[in-house]
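query-v2.cif (mmCIF, C-alpha atoms and all ligand atoms; chains and numbers go by the auth columns) appears below.
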data_input
loop_
_atom_site.group_PDB
_atom_site.id
_atom_site.type_symbol
_atom_site.label_atom_id
_atom_site.label_comp_id
_atom_site.label_asym_id
_atom_site.label_seq_id
_atom_site.Cartn_x
_atom_site.Cartn_y
_atom_site.Cartn_z
_atom_site.B_iso_or_equiv
_atom_site.auth_seq_id
_atom_site.auth_asym_id
ATOM 1 C CA MET A 1 0.000 0.000 0.000 0.00 4 A
ATOM 2 C CA VAL A 2 1.312 3.457 -0.858 0.00 5 A
ATOM 3 C CA ALA A 3 2.115 5.482 2.300 0.00 6 A
ATOM 4 C CA GLN A 4 -0.747 7.777 3.264 0.00 7 A
ATOM 5 C CA ALA A 5 0.766 11.172 3.999 0.00 8 A
ATOM 6 C CA PRO A 6 -1.609 13.580 5.776 0.00 9 A
ATOM 7 C CA VAL A 7 -3.130 15.928 3.254 0.00 10 A
ATOM 8 C CA ARG A 8 -3.636 19.614 4.049 0.00 11 A
ATOM 9 C CA VAL A 9 -6.274 21.412 2.025 0.00 12 A
ATOM 10 C CA PRO A 10 -6.054 25.186 1.608 0.00 13 A
ATOM 11 C CA VAL A 11 -9.603 26.420 2.100 0.00 14 A
ATOM 12 C CA LEU A 12 -9.354 29.658 0.067 0.00 15 A
ATOM 13 C CA PRO A 13 -8.495 27.985 -3.253 0.00 16 A
ATOM 14 C CA ALA A 14 -11.228 25.461 -2.526 0.00 17 A
ATOM 15 C CA LEU A 15 -13.723 28.274 -1.950 0.00 18 A
ATOM 16 C CA LEU A 16 -12.579 29.925 -5.160 0.00 19 A
ATOM 17 C CA GLY A 17 -13.143 26.709 -7.055 0.00 20 A
ATOM 18 C CA ARG A 18 -9.482 26.137 -7.905 0.00 21 A
ATOM 19 C CA ARG A 19 -7.743 22.808 -7.362 0.00 22 A
ATOM 20 C CA PRO A 20 -5.693 23.040 -4.180 0.00 23 A
ATOM 21 C CA ALA A 21 -2.428 21.573 -5.382 0.00 24 A
ATOM 22 C CA SER A 22 -1.857 19.730 -2.118 0.00 25 A
ATOM 23 C CA LEU A 23 -4.988 17.623 -2.458 0.00 26 A
ATOM 24 C CA HIS A 24 -6.354 17.542 -5.963 0.00 27 A
ATOM 25 C CA HIS A 25 -3.296 16.360 -7.728 0.00 28 A
ATOM 26 C CA ALA A 26 -2.978 12.960 -9.243 0.00 29 A
ATOM 27 C CA ARG A 27 -0.522 11.685 -6.664 0.00 30 A
ATOM 28 C CA ALA A 28 -3.170 12.174 -3.974 0.00 31 A
ATOM 29 C CA VAL A 29 -5.631 10.068 -5.982 0.00 32 A
ATOM 30 C CA ALA A 30 -3.011 7.355 -6.336 0.00 33 A
ATOM 31 C CA GLU A 31 -2.269 7.416 -2.605 0.00 34 A
ATOM 32 C CA ALA A 32 -5.962 7.134 -1.802 0.00 35 A
ATOM 33 C CA LEU A 33 -6.421 4.271 -4.291 0.00 36 A
ATOM 34 C CA GLY A 34 -3.529 2.185 -3.029 0.00 37 A
ATOM 35 C CA PRO A 35 -1.350 -0.047 -5.224 0.00 38 A
ATOM 36 C CA LEU A 36 -1.865 0.590 -8.939 0.00 39 A
ATOM 37 C CA ALA A 37 0.905 -1.279 -10.754 0.00 40 A
ATOM 38 C CA GLY A 38 -0.670 -3.973 -12.924 0.00 41 A
ATOM 39 C CA ALA A 39 -4.206 -3.222 -11.708 0.00 42 A
ATOM 40 C CA ARG A 40 -7.390 -2.955 -13.754 0.00 43 A
ATOM 41 C CA VAL A 41 -8.861 0.432 -12.879 0.00 44 A
ATOM 42 C CA LEU A 42 -11.962 2.372 -13.952 0.00 45 A
ATOM 43 C CA GLU A 43 -12.201 6.162 -14.080 0.00 46 A
ATOM 44 C CA VAL A 44 -15.668 7.614 -14.545 0.00 47 A
ATOM 45 C CA GLY A 45 -15.783 11.157 -15.936 0.00 48 A
ATOM 46 C CA PRO A 46 -12.140 11.706 -16.918 0.00 49 A
ATOM 47 C CA GLY A 47 -12.924 15.064 -18.551 0.00 50 A
ATOM 48 C CA THR A 48 -9.705 16.307 -20.131 0.00 51 A
ATOM 49 C CA GLY A 49 -7.639 13.595 -18.461 0.00 52 A
ATOM 50 C CA TYR A 50 -6.116 15.583 -15.612 0.00 53 A
ATOM 51 C CA TYR A 51 -5.957 12.442 -13.428 0.00 54 A
ATOM 52 C CA THR A 52 -6.097 9.881 -16.230 0.00 55 A
ATOM 53 C CA LEU A 53 -2.636 10.300 -17.684 0.00 56 A
ATOM 54 C CA PRO A 54 -0.543 10.024 -14.512 0.00 57 A
ATOM 55 C CA VAL A 55 -2.724 7.211 -13.141 0.00 58 A
ATOM 56 C CA ALA A 56 -2.350 5.256 -16.412 0.00 59 A
ATOM 57 C CA ASP A 57 1.392 5.772 -16.176 0.00 60 A
ATOM 58 C CA TRP A 58 1.477 4.344 -12.637 0.00 61 A
ATOM 59 C CA ILE A 59 -0.711 1.383 -13.625 0.00 62 A
ATOM 60 C CA GLY A 60 1.833 0.548 -16.299 0.00 63 A
ATOM 61 C CA ALA A 61 1.828 -1.901 -19.188 0.00 64 A
ATOM 62 C CA GLY A 62 0.753 -4.825 -16.989 0.00 65 A
ATOM 63 C CA GLY A 63 -2.600 -3.236 -16.161 0.00 66 A
ATOM 64 C CA ARG A 64 -5.344 -1.252 -17.819 0.00 67 A
ATOM 65 C CA LEU A 65 -7.280 1.955 -17.192 0.00 68 A
ATOM 66 C CA ASP A 66 -10.815 2.029 -18.533 0.00 69 A
ATOM 67 C CA ILE A 67 -12.159 5.552 -18.911 0.00 70 A
ATOM 68 C CA PHE A 68 -15.886 6.053 -19.135 0.00 71 A
ATOM 69 C CA ASP A 69 -17.596 9.361 -19.928 0.00 72 A
ATOM 70 C CA VAL A 70 -20.944 10.526 -21.198 0.00 73 A
ATOM 71 C CA GLN A 71 -19.147 12.963 -23.550 0.00 74 A
ATOM 72 C CA GLN A 72 -17.333 11.348 -26.478 0.00 75 A
ATOM 73 C CA ASP A 73 -15.338 14.589 -26.977 0.00 76 A
ATOM 74 C CA MET A 74 -13.741 14.186 -23.552 0.00 77 A
ATOM 75 C CA LEU A 75 -12.799 10.591 -24.306 0.00 78 A
ATOM 76 C CA ASP A 76 -11.307 11.565 -27.677 0.00 79 A
ATOM 77 C CA LEU A 77 -9.291 14.381 -26.142 0.00 80 A
ATOM 78 C CA THR A 78 -7.976 12.246 -23.293 0.00 81 A
ATOM 79 C CA THR A 79 -7.138 9.384 -25.658 0.00 82 A
ATOM 80 C CA ARG A 80 -5.216 11.764 -27.943 0.00 83 A
ATOM 81 C CA ARG A 81 -3.283 13.154 -24.988 0.00 84 A
ATOM 82 C CA ALA A 82 -2.504 9.625 -23.779 0.00 85 A
ATOM 83 C CA ARG A 83 -1.200 8.561 -27.199 0.00 86 A
ATOM 84 C CA ALA A 84 0.982 11.659 -27.389 0.00 87 A
ATOM 85 C CA ARG A 85 2.571 10.525 -24.127 0.00 88 A
ATOM 86 C CA GLY A 86 3.062 6.988 -25.369 0.00 89 A
ATOM 87 C CA LEU A 87 0.427 5.490 -23.032 0.00 90 A
ATOM 88 C CA ASP A 88 -1.390 2.539 -24.588 0.00 91 A
ATOM 89 C CA ASN A 89 -3.105 0.990 -21.559 0.00 92 A
ATOM 90 C CA ILE A 90 -6.222 3.217 -21.721 0.00 93 A
ATOM 91 C CA VAL A 91 -9.533 1.928 -23.104 0.00 94 A
ATOM 92 C CA ALA A 92 -12.272 4.530 -23.650 0.00 95 A
ATOM 93 C CA THR A 93 -16.002 3.797 -23.563 0.00 96 A
ATOM 94 C CA GLN A 94 -18.829 6.301 -23.947 0.00 97 A
ATOM 95 C CA GLY A 95 -21.981 6.018 -21.861 0.00 98 A
ATOM 96 C CA ASP A 96 -23.905 7.077 -18.788 0.00 99 A
ATOM 97 C CA ALA A 97 -22.567 6.050 -15.380 0.00 100 A
ATOM 98 C CA ARG A 98 -26.064 5.012 -14.277 0.00 101 A
ATOM 99 C CA SER A 99 -25.560 1.865 -16.331 0.00 102 A
ATOM 100 C CA LEU A 100 -21.989 0.645 -16.698 0.00 103 A
ATOM 101 C CA PRO A 101 -21.234 -1.756 -19.587 0.00 104 A
ATOM 102 C CA TYR A 102 -18.796 -3.897 -17.581 0.00 105 A
ATOM 103 C CA ASP A 103 -19.140 -7.341 -16.053 0.00 106 A
ATOM 104 C CA ASP A 104 -19.603 -7.797 -12.302 0.00 107 A
ATOM 105 C CA ARG A 105 -16.328 -7.747 -10.320 0.00 108 A
ATOM 106 C CA SER A 106 -14.241 -6.485 -13.257 0.00 109 A
ATOM 107 C CA PHE A 107 -12.104 -3.888 -11.497 0.00 110 A
ATOM 108 C CA ASP A 108 -9.527 -3.761 -8.730 0.00 111 A
ATOM 109 C CA ALA A 109 -10.220 -0.074 -8.188 0.00 112 A
ATOM 110 C CA ALA A 110 -12.260 2.848 -9.507 0.00 113 A
ATOM 111 C CA PHE A 111 -12.203 6.612 -9.094 0.00 114 A
ATOM 112 C CA LEU A 112 -14.128 9.714 -10.044 0.00 115 A
ATOM 113 C CA VAL A 113 -13.370 13.337 -9.266 0.00 116 A
ATOM 114 C CA SER A 114 -15.965 16.123 -9.414 0.00 117 A
ATOM 115 C CA VAL A 115 -18.402 13.795 -11.161 0.00 118 A
ATOM 116 C CA PRO A 116 -21.163 12.359 -8.881 0.00 119 A
ATOM 117 C CA GLY A 117 -23.118 15.637 -8.651 0.00 120 A
ATOM 118 C CA GLU A 118 -23.394 15.754 -12.457 0.00 121 A
ATOM 119 C CA ILE A 119 -25.035 12.335 -12.632 0.00 122 A
ATOM 120 C CA PRO A 120 -28.834 12.596 -12.475 0.00 123 A
ATOM 121 C CA ASP A 121 -29.089 9.507 -10.247 0.00 124 A
ATOM 122 C CA GLN A 122 -26.018 9.178 -8.048 0.00 125 A
ATOM 123 C CA ASP A 123 -27.497 6.162 -6.246 0.00 126 A
ATOM 124 C CA ASP A 124 -27.699 4.149 -9.442 0.00 127 A
ATOM 125 C CA ALA A 125 -24.131 5.151 -10.354 0.00 128 A
ATOM 126 C CA LEU A 126 -22.771 4.135 -6.936 0.00 129 A
ATOM 127 C CA ARG A 127 -24.608 0.819 -7.133 0.00 130 A
ATOM 128 C CA GLU A 128 -23.111 0.227 -10.548 0.00 131 A
ATOM 129 C CA LEU A 129 -19.621 1.080 -9.284 0.00 132 A
ATOM 130 C CA ALA A 130 -20.056 -1.360 -6.389 0.00 133 A
ATOM 131 C CA ARG A 131 -21.234 -4.047 -8.807 0.00 134 A
ATOM 132 C CA VAL A 132 -18.238 -3.754 -11.149 0.00 135 A
ATOM 133 C CA LEU A 133 -15.662 -3.689 -8.330 0.00 136 A
ATOM 134 C CA ARG A 134 -14.261 -7.004 -7.172 0.00 137 A
ATOM 135 C CA PRO A 135 -14.873 -7.835 -3.491 0.00 138 A
ATOM 136 C CA GLY A 136 -12.304 -5.806 -1.566 0.00 139 A
ATOM 137 C CA GLY A 137 -12.009 -3.430 -4.542 0.00 140 A
ATOM 138 C CA ARG A 138 -11.354 0.231 -3.805 0.00 141 A
ATOM 139 C CA LEU A 139 -13.296 3.315 -4.853 0.00 142 A
ATOM 140 C CA VAL A 140 -12.079 6.911 -4.485 0.00 143 A
ATOM 141 C CA VAL A 141 -14.460 9.842 -4.907 0.00 144 A
ATOM 142 C CA GLY A 142 -12.984 13.346 -5.028 0.00 145 A
ATOM 143 C CA GLU A 143 -14.991 16.514 -4.438 0.00 146 A
ATOM 144 C CA LEU A 144 -13.908 20.157 -4.531 0.00 147 A
ATOM 145 C CA PHE A 145 -16.148 22.921 -3.158 0.00 148 A
ATOM 146 C CA GLY A 146 -16.700 25.609 -5.767 0.00 149 A
ATOM 147 C CA ASP A 147 -17.756 22.990 -8.292 0.00 150 A
ATOM 148 C CA PRO A 148 -21.459 23.786 -8.797 0.00 151 A
ATOM 149 C CA HIS A 149 -22.225 20.064 -8.460 0.00 152 A
ATOM 150 C CA TRP A 150 -20.211 19.567 -5.247 0.00 153 A
ATOM 151 C CA VAL A 151 -21.414 16.702 -3.028 0.00 154 A
ATOM 152 C CA ALA A 152 -21.031 16.958 0.751 0.00 155 A
ATOM 153 C CA PRO A 153 -19.118 14.090 2.388 0.00 156 A
ATOM 154 C CA GLY A 154 -22.054 13.120 4.629 0.00 157 A
ATOM 155 C CA ALA A 155 -24.401 12.827 1.663 0.00 158 A
ATOM 156 C CA LEU A 156 -21.832 10.781 -0.242 0.00 159 A
ATOM 157 C CA GLN A 157 -21.342 8.472 2.731 0.00 160 A
ATOM 158 C CA ARG A 158 -25.102 7.845 3.090 0.00 161 A
ATOM 159 C CA ARG A 159 -25.505 7.155 -0.594 0.00 162 A
ATOM 160 C CA ALA A 160 -22.428 4.931 -0.775 0.00 163 A
ATOM 161 C CA GLU A 161 -23.522 2.845 2.201 0.00 164 A
ATOM 162 C CA THR A 162 -26.974 2.412 0.671 0.00 165 A
ATOM 163 C CA ALA A 163 -25.191 1.133 -2.441 0.00 166 A
ATOM 164 C CA GLY A 164 -23.479 -1.511 -0.314 0.00 167 A
ATOM 165 C CA LEU A 165 -20.078 0.210 -0.182 0.00 168 A
ATOM 166 C CA ARG A 166 -18.010 0.671 2.964 0.00 169 A
ATOM 167 C CA PHE A 167 -16.940 4.266 3.722 0.00 170 A
ATOM 168 C CA GLU A 168 -13.342 3.859 4.910 0.00 171 A
ATOM 169 C CA GLU A 169 -12.209 7.447 5.440 0.00 172 A
ATOM 170 C CA ARG A 170 -12.289 11.015 4.257 0.00 173 A
ATOM 171 C CA ILE A 171 -8.925 12.488 3.279 0.00 174 A
ATOM 172 C CA GLY A 172 -8.865 16.286 3.427 0.00 175 A
ATOM 173 C CA ARG A 173 -11.455 18.716 4.762 0.00 176 A
ATOM 174 C CA PRO A 174 -15.195 18.594 4.150 0.00 177 A
ATOM 175 C CA LEU A 175 -14.951 21.258 1.424 0.00 178 A
ATOM 176 C CA ALA A 176 -12.267 19.517 -0.602 0.00 179 A
ATOM 177 C CA TYR A 177 -11.786 15.861 0.013 0.00 180 A
ATOM 178 C CA PHE A 178 -11.169 12.395 -1.307 0.00 181 A
ATOM 179 C CA ALA A 179 -13.411 9.689 0.133 0.00 182 A
ATOM 180 C CA ARG A 180 -11.922 6.209 0.278 0.00 183 A
ATOM 181 C CA LEU A 181 -14.537 3.483 -0.038 0.00 184 A
ATOM 182 C CA SER A 182 -14.449 -0.217 -0.704 0.00 185 A
ATOM 183 C CA ARG A 183 -16.660 -3.074 -1.748 0.00 186 A
ATOM 184 C CA PRO A 184 -16.875 -5.421 1.259 0.00 187 A
ATOM 185 C CA THR A 185 -15.303 -8.844 0.822 0.00 188 A
ATOM 186 C CA GLY A 186 -18.452 -10.647 2.027 0.00 189 A
ATOM 187 C CA ALA A 187 -21.836 -10.650 0.354 0.00 190 A
ATOM 188 C CA TRP A 188 -22.578 -7.394 -1.459 0.00 191 A
ATOM 189 C CA THR A 189 -26.001 -6.169 -0.367 0.00 192 A
ATOM 190 C CA PRO A 190 -27.153 -2.794 -1.647 0.00 193 A
ATOM 191 C CA THR A 191 -30.195 -1.427 0.163 0.00 194 A
ATOM 192 C CA ILE A 192 -33.186 -1.355 -2.119 0.00 195 A
ATOM 193 C CA VAL A 193 -34.834 2.048 -1.748 0.00 196 A
ATOM 194 C CA ALA A 194 -38.464 2.358 -2.779 0.00 197 A
ATOM 195 C CA ASP A 195 -38.814 4.760 -5.687 0.00 198 A
ATOM 196 C CA ASP A 196 -40.943 7.291 -3.750 0.00 199 A
ATOM 197 C CA ASP A 197 -38.576 7.397 -0.759 0.00 200 A
ATOM 198 C CA GLU A 198 -35.635 7.699 -3.105 0.00 201 A
ATOM 199 C CA ARG A 199 -37.146 10.665 -4.928 0.00 202 A
ATOM 200 C CA ARG A 200 -38.027 12.440 -1.636 0.00 203 A
ATOM 201 C CA GLU A 201 -34.431 12.186 -0.433 0.00 204 A
ATOM 202 C CA ARG A 202 -32.995 13.915 -3.505 0.00 205 A
HETATM 203 C C1 LIG B . -16.390 18.380 -13.849 0.00 301 A
HETATM 204 S S1 LIG B . -15.840 17.194 -15.024 0.00 301 A
HETATM 205 C C2 LIG B . -14.547 16.401 -14.095 0.00 301 A
HETATM 206 C C3 LIG B . -13.426 15.947 -14.970 0.00 301 A
HETATM 207 C C4 LIG B . -12.230 15.321 -14.262 0.00 301 A
HETATM 208 N N1 LIG B . -12.630 14.226 -13.409 0.00 301 A
HETATM 209 C C5 LIG B . -11.482 16.362 -13.462 0.00 301 A
HETATM 210 O O1 LIG B . -11.661 16.431 -12.240 0.00 301 A
HETATM 211 O O2 LIG B . -10.756 17.136 -14.094 0.00 301 A
HETATM 212 C C6 LIG B . -17.139 15.977 -14.983 0.00 301 A
HETATM 213 C C7 LIG B . -16.970 14.858 -16.010 0.00 301 A
HETATM 214 O O3 LIG B . -17.990 13.876 -15.749 0.00 301 A
HETATM 215 C C8 LIG B . -18.610 13.518 -16.965 0.00 301 A
HETATM 216 N N2 LIG B . -19.986 13.066 -16.676 0.00 301 A
HETATM 217 C C9 LIG B . -21.034 13.830 -16.277 0.00 301 A
HETATM 218 N N3 LIG B . -22.145 13.087 -16.122 0.00 301 A
HETATM 219 C C10 LIG B . -21.797 11.820 -16.452 0.00 301 A
HETATM 220 C C11 LIG B . -22.528 10.588 -16.509 0.00 301 A
HETATM 221 N N4 LIG B . -23.835 10.521 -16.213 0.00 301 A
HETATM 222 N N5 LIG B . -21.864 9.472 -16.879 0.00 301 A
HETATM 223 C C12 LIG B . -20.537 9.528 -17.201 0.00 301 A
HETATM 224 N N6 LIG B . -19.814 10.663 -17.162 0.00 301 A
HETATM 225 C C13 LIG B . -20.422 11.797 -16.794 0.00 301 A
HETATM 226 C C14 LIG B . -18.551 14.791 -17.799 0.00 301 A
HETATM 227 O O4 LIG B . -18.735 14.534 -19.164 0.00 301 A
HETATM 228 C C15 LIG B . -17.155 15.308 -17.438 0.00 301 A
HETATM 229 O O5 LIG B . -16.172 14.736 -18.260 0.00 301 A
#
Would you mind writing the file's structure down as structure tokens?
Amino acid sequence: MVAQAPVRVPVLPALLGRRPASLHHARAVAEALGPLAGARVLEVGPGTGYYTLPVADWIGAGGRLDIFDVQQDMLDLTTRRARARGLDNIVATQGDARSLPYDDRSFDAAFLVSVPGEIPDQDDALRELARVLRPGGRLVVGELFGDPHWVAPGALQRRAETAGLRFEERIGRPLAYFARLSRPTGAWTPTIVADDDERRER
């Protein structure tokens, strides 16, 4: 496991919507995810590939990074940038995170940064992420206040636990954080929420 250095988050840049370099840099994602070399990893919502390229580099030729985005333009841009850097372990797929086109238990780890709040049904997306992770698989969710779709850590924790994920820890402050979650090694049991209750909670 990569050593977990304490992360300090400058609040002003977070309030201004900028990435505080001490938290929202790719190394922090890698530290939160744990070992990457040779792993099969999923990134949902790579955007322009800010985290994608360094993470793919750390995964290396023995592993694979699947990137999944609703916008084909983002996938094309990130793929072009990856090729220019000589990275050929990235596989891009377009679609909506509410329904992931991957088999159960496909991934060792998954991550998404500044994405959940953009997904119309975060509960479905978290359930899908839990489904495609192998038991014991790791999920990192990054959020930065100032993003209009920012999700509070408490809300994320409630939703993730309903999806059958374990909330391990929050790294950083509530305004700008990475949440480390995992799929439990035992039976995976998402809570089924009745449609009406689910809608009221949103
Ligand atoms: C704010 S950007 C974040 C980009 C990148 N993670 C970063 O932090 O630089 C959100 C990304 O999520 C993608 N996205 C939004 N809704 C999505 C959905 N329902 N399914 C998959 N991707 C989605 C967007 O297309 C965009 O690339």
Contacts of ligand LIG 301 (chain A), 9 Å or closer, only C-alpha atoms and all ligand atoms, given as a PDB file with C-alpha atoms, keeping the file's coordinate frame:
ATOM      1  CA  ARG A  22      -7.743  22.808  -7.362  1.00  0.00           C
ATOM      2  CA  HIS A  27      -6.354  17.542  -5.963  1.00  0.00           C
ATOM      3  CA  GLU A  46     -12.201   6.162 -14.080  1.00  0.00           C
ATOM      4  CA  VAL A  47     -15.668   7.614 -14.545  1.00  0.00           C
ATOM      5  CA  GLY A  48     -15.783  11.157 -15.936  1.00  0.00           C
ATOM      6  CA  PRO A  49     -12.140  11.706 -16.918  1.00  0.00           C
ATOM      7  CA  GLY A  50     -12.924  15.064 -18.551  1.00  0.00           C
ATOM      8  CA  THR A  51      -9.705  16.307 -20.131  1.00  0.00           C
ATOM      9  CA  GLY A  52      -7.639  13.595 -18.461  1.00  0.00           C
ATOM     10  CA  TYR A  53      -6.116  15.583 -15.612  1.00  0.00           C
ATOM     11  CA  TYR A  54      -5.957  12.442 -13.428  1.00  0.00           C
ATOM     12  CA  THR A  55      -6.097   9.881 -16.230  1.00  0.00           C
ATOM     13  CA  PHE A  71     -15.886   6.053 -19.135  1.00  0.00           C
ATOM     14  CA  ASP A  72     -17.596   9.361 -19.928  1.00  0.00           C
ATOM     15  CA  VAL A  73     -20.944  10.526 -21.198  1.00  0.00           C
ATOM     16  CA  GLN A  74     -19.147  12.963 -23.550  1.00  0.00           C
ATOM     17  CA  GLN A  75     -17.333  11.348 -26.478  1.00  0.00           C
ATOM     18  CA  ASP A  76     -15.338  14.589 -26.977  1.00  0.00           C
ATOM     19  CA  MET A  77     -13.741  14.186 -23.552  1.00  0.00           C
ATOM     20  CA  LEU A  78     -12.799  10.591 -24.306  1.00  0.00           C
ATOM     21  CA  GLN A  97     -18.829   6.301 -23.947  1.00  0.00           C
ATOM     22  CA  GLY A  98     -21.981   6.018 -21.861  1.00  0.00           C
ATOM     23  CA  ASP A  99     -23.905   7.077 -18.788  1.00  0.00           C
ATOM     24  CA  ALA A 100     -22.567   6.050 -15.380  1.00  0.00           C
ATOM     25  CA  ARG A 101     -26.064   5.012 -14.277  1.00  0.00           C
ATOM     26  CA  SER A 102     -25.560   1.865 -16.331  1.00  0.00           C
ATOM     27  CA  LEU A 103     -21.989   0.645 -16.698  1.00  0.00           C
ATOM     28  CA  PHE A 114     -12.203   6.612  -9.094  1.00  0.00           C
ATOM     29  CA  LEU A 115     -14.128   9.714 -10.044  1.00  0.00           C
ATOM     30  CA  VAL A 116     -13.370  13.337  -9.266  1.00  0.00           C
ATOM     31  CA  SER A 117     -15.965  16.123  -9.414  1.00  0.00           C
ATOM     32  CA  VAL A 118     -18.402  13.795 -11.161  1.00  0.00           C
ATOM     33  CA  PRO A 119     -21.163  12.359  -8.881  1.00  0.00           C
ATOM     34  CA  GLY A 120     -23.118  15.637  -8.651  1.00  0.00           C
ATOM     35  CA  GLU A 121     -23.394  15.754 -12.457  1.00  0.00           C
ATOM     36  CA  ILE A 122     -25.035  12.335 -12.632  1.00  0.00           C
ATOM     37  CA  PRO A 123     -28.834  12.596 -12.475  1.00  0.00           C
ATOM     38  CA  ASP A 124     -29.089   9.507 -10.247  1.00  0.00           C
ATOM     39  CA  GLN A 125     -26.018   9.178  -8.048  1.00  0.00           C
ATOM     40  CA  ALA A 128     -24.131   5.151 -10.354  1.00  0.00           C
ATOM     41  CA  GLY A 145     -12.984  13.346  -5.028  1.00  0.00           C
ATOM     42  CA  GLU A 146     -14.991  16.514  -4.438  1.00  0.00           C
ATOM     43  CA  LEU A 147     -13.908  20.157  -4.531  1.00  0.00           C
ATOM     44  CA  ASP A 150     -17.756  22.990  -8.292  1.00  0.00           C
ATOM     45  CA  PRO A 151     -21.459  23.786  -8.797  1.00  0.00           C
ATOM     46  CA  HIS A 152     -22.225  20.064  -8.460  1.00  0.00           C
TER      47      HIS A 152
END
Next on the checklist: Can you spell out as a list in words the set of residues that the PyMOL selection byres (((chain A and resi 170) around 8) and not hetatm) selects in the structure I just provided?
Outcome noted: Gln160, Ala163, Glu164, Leu168, Arg169, Glu171, Glu172, Ala182, Arg183, Leu184 and Ser185 of chain A
Next on the checklist: Rounded to one decimal, what separation in Å do you get between CA of Asp107 (chain A) and CA of Gly167 (chain A)?
Outcome noted: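 A separation of 14.1 Å between them.
CA of Leu36 (chain A) is positioned 22.7 Å from CA of Arg84 (chain A).
Residues selected in this file by the PyMOL selection byres (((chain A and resi 186) around 9) and not hetatm) comprise Ala133, Arg134, Leu136, Arg137, Pro138, Gly139, Gly140, Arg141, Leu142, Gly167, Leu168, Arg169, Leu184, Ser185, Pro187, Thr188, Gly189 and Trp191 of chain A.
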Could you give me the centre and size, in Å to one decimal, of an axis-aligned box around all listed atoms of region 45-61 of chain A with 5 Å added on every side, as lines of an AutoDock Vina configuration file?
center_x = -7.2
center_y = 9.3
center_z = -16.4
size_x = 27.3
size_y = 23.9
size_z = 17.5
Checklist entry - Given the choices A:Asp69, A:Glu34, A:Asp91, A:Asp127, which gets closest to Ala113 (chain A) if the distance is worked out from only C-alpha atoms? => result A:Asp69
Checklist entry - So how many Å separate CA of Val32 (chain A) and CA of Pro193 (chain A), to one decimal? => result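 Calculated distance between CA of Val32 (chain A) and CA of Pro193 (chain A) is 25.4 Å.
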Item to check | Neighbours of point (-9.4, 2.8, -20.8) within 10 Å, using all atoms listed in the file, written as a PyMOL selection string | outcome: chain A and resi 43-46+55+59+67-71+78+81-82+91-96
Write out, as a CSV table (one decimal), in the frame of the given file, the residues just selected, with C-alpha atoms.
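Output file result-v6.csv is given in full below:
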chain,number,residue,atom,x,y,z
A,43,ARG,CA,-7.4,-3.0,-13.8
A,44,VAL,CA,-8.9,0.4,-12.9
A,45,LEU,CA,-12.0,2.4,-14.0
A,46,GLU,CA,-12.2,6.2,-14.1
A,55,THR,CA,-6.1,9.9,-16.2
A,59,ALA,CA,-2.4,5.3,-16.4
A,67,ARG,CA,-5.3,-1.3,-17.8
A,68,LEU,CA,-7.3,2.0,-17.2
A,69,ASP,CA,-10.8,2.0,-18.5
A,70,ILE,CA,-12.2,5.6,-18.9
A,71,PHE,CA,-15.9,6.1,-19.1
A,78,LEU,CA,-12.8,10.6,-24.3
A,81,THR,CA,-8.0,12.2,-23.3
A,82,THR,CA,-7.1,9.4,-25.7
A,91,ASP,CA,-1.4,2.5,-24.6
A,92,ASN,CA,-3.1,1.0,-21.6
A,93,ILE,CA,-6.2,3.2,-21.7
A,94,VAL,CA,-9.5,1.9,-23.1
A,95,ALA,CA,-12.3,4.5,-23.6
A,96,THR,CA,-16.0,3.8,-23.6
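If you apply the PyMOL selection byres (((chain A and resi 177) around 9) and not hetatm) to this structure, you end up with Glu146, Leu147, Phe148, Ala155, Pro156, Gly157, Arg173, Ile174, Gly175, Arg176, Leu178, Ala179 and Tyr180 of chain A.
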Next on the checklist: For Gly41 (chain A), find every residue with an atom within 9 Å (counting all atoms listed in the file), except residues of its own chain fewer than 4 positions away, and show them as a list in words.
Outcome noted: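 So the residues in contact are Trp61, Ile62, Gly63, Ala64, Gly65, Gly66 and Arg67 of chain A.
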Those same residues, written as a PDB file, in the frame of the given file with C-alpha atoms?
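Generated file (selection-v6.pdb):
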ATOM      1  CA  TRP A  61       1.477   4.344 -12.637  1.00  0.00           C
ATOM      2  CA  ILE A  62      -0.711   1.383 -13.625  1.00  0.00           C
ATOM      3  CA  GLY A  63       1.833   0.548 -16.299  1.00  0.00           C
ATOM      4  CA  ALA A  64       1.828  -1.901 -19.188  1.00  0.00           C
ATOM      5  CA  GLY A  65       0.753  -4.825 -16.989  1.00  0.00           C
ATOM      6  CA  GLY A  66      -2.600  -3.236 -16.161  1.00  0.00           C
ATOM      7  CA  ARG A  67      -5.344  -1.252 -17.819  1.00  0.00           C
TER       8      ARG A  67
END
